[in-house]
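Student: Once you've had a glance at the structure underneath, I'll fire off some questions.
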Amino acid sequence: MLLMDSSTKISFNRCIRDGDLVIVYERHDTMKAVKVCENSVLQNRFGVFKHSDWIGKPFGSKVFSNKGGFVYLLAPTPELWTLVLSHRTQILYIADISFVIMYLEVVPGCLVLESGTGSGSLTTSFARAVSPMGHVYTFDFHEQRAASAREDFERTGISTLVTVGVRDIQGDGFPDQFSGLADSVFLDLPQPWLAIPSARNMLKQDGTLCSFSPCIEQVQRSCETLRSDFTDIRTFEILLRTYEVREWKMDHSKVNDGNSTACPPRKRRQPSSEASVGDNASSSAVMARPSAETRGHTGYLTFARKCVS
């Protein structure tokens with residue numbers, strides 16, 4: 001988690017307190033962020049959960065309801081926050097975020113400029129990457145979105161690492177106060193090529209830039225602008241395919257030409273303790289199949305490095 005004031009930081013190494021933000025985990029696709037209040041309760045399909053029972057327990061604890069149902073109380077890491085935050089705009093997900101942080105070479109102590117705060121998904125991961133001594137300055141032209149993002153950063157405990165500004169970066173560029181100081185710049189704009197000259201002025205020598213665009217036409221025009229002052233220009237599309245791994249019952253009495261009608265053929269591994277097919281009419285097998293929730297195209301990531309003059 002983020003390294004901040006030891007008296008206020010949310011960490012896996014301390015217990016849950018009144019006022020903390022926790023991620024209530026029901027299953028991999030059902031989570032929600034909840035602020036702990038001693039006199040409050042959470043009601044869901046598993047029953048009623050008293051917040052007072054959560055206080056004093058470590059993050060990761062399994063807690064039970066009045067009906068015997070249970071949930072897990074998890075710390076609000078950037079990965080989990082990305083899955084539960086309010087979508088004020090399209091957001092970047094974990095696959096794109098991890099790639100961006102690696103290729104932008106964001107490490108503790110970096111100064112990062114971001115244009116297009118949106119819902120703050122990427123900003124939260126930037127903040128953890130630059131902590132404890134770095135800082136993220138993020139800008140959005142929409143005042144209400146910026147205010148909402150600022151509130152979210154307060155809730156997740158990263159407000160000391162992030163400064164939110166209201167500014168039209170496409171039209172006005174980044175503030176001159178950051179000229180030559182930024183280690184990395186990230187652009188999530190409809191017309192990123194308009195902001196590239198300003199981004200170049202903000203970057204240190206050999207600094208890195210990334211532009212996220214949903215359309216290839218945006219990429220082409222951005223690359224044309226980048227060629228004059230940047231090198232090592234690369235564009236990527238990140239496609240993530242997840243698999244479900246679970247145990248299935250196999251009905252061998254219905255096998256026809258090597259395929260079972262009980263379930264479609266998948267990559268599978270027979271447990272070592274299982275008897276041979278000839279000994280049992282049915283058995284179990286561990287199978288893996290592509291998840292139905294797999295996301296397709298999100299956008300293109302274009303990276304470039306400022307030329308050393």
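How things are named: the first chain in the structure tokens is A, the next is B, and so on; residues count from 1 in each chain; ligands count from 1 in the order shown.
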Hey, what's within 12 Å of A:Gly134 if we count only C-alpha atoms and toss same-chain stuff fewer than 5 positions away? As a list in words, please?

Tutor: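 Residues meeting the cut-off are Leu2, Leu3, Met4, Val106, Val107, Pro108, Gly109, Cys110, Leu111, Val112, Leu113, Phe126, Ala127, Arg128, Ala129, Ile158, Thr160, Leu161, Val162, Thr163, Leu181, Ala182, Asp183 and Ser184 of chain A.
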
Student: Can you list, as a ChimeraX atom specification, all residues belonging to stretch 43-241 of chain A that DSSP tags as alpha helix (DSSP H)?

Tutor: /A:78-84,94-103,121-130,143-155,169-172,196-202,216-226

Student: Find the residue from A:Gly56, A:Pro192, A:Pro132, A:Gly299 that sits nearest to A:Asp168; use only C-alpha atoms when measuring.

Tutor: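 Checking each of A:Gly56, A:Pro192, A:Pro132, A:Gly299 against A:Asp168, counting only C-alpha atoms, the winner is A:Pro192.
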
Student: Looking only at strand (DSSP E or B) from DSSP on the backbone, list the matching residues of stretch 32-76 of chain A as a list in words.

Tutor: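 Taking stretch 32-76 of chain A and keeping strand (DSSP E or B) only, one gets Lys32, Ala33, Val34, Lys35, Val41, Leu42, Gln43, Asn44, Gly47, Val48, Phe49, Lys50, Pro58, Ser61, Lys62, Val63, Phe64, Phe70, Val71, Tyr72, Leu73 and Leu74 of chain A.
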
Student: Please determine, counting only C-alpha atoms, which residue among A:Phe70, A:Tyr25, A:Phe236, A:Trp81 has the shortest atom-to-atom distance to A:Phe153.

Tutor: A:Trp81

Student: Nearest to A:Gly60: which of A:Asn44, A:Ser228, A:Ile16, A:Met31 is it, counting only C-alpha atoms?

Tutor: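 Answer, going by the shortest atom-to-atom distance: A:Ile16.
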
Student: For atom CA of A:Lys57 and atom CA of A:Leu42, quote the distance in Å rounded to one decimal.

Tutor: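 Interatomic distance, atom CA of A:Lys57 to atom CA of A:Leu42: 16.3 Å.
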
Student: Could you tell me which of A:Phe303, A:Tyr72, A:Phe139, A:Phe64 comes closest to A:Leu226 if we count only C-alpha atoms?

Tutor: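 Between A:Phe303, A:Tyr72, A:Phe139, A:Phe64, the residue approaching A:Leu226 most closely is A:Phe303.
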
Student: Within 10 Å of A:Ile196, counting only C-alpha atoms, which residues show up once you throw out same-chain ones fewer than 3 positions away? Write them as an MDAnalysis selection string, please.

Tutor: chainID A and resid 169:170 173 185 187 191:193 199:202 209:211 222:223 225:226 229:230
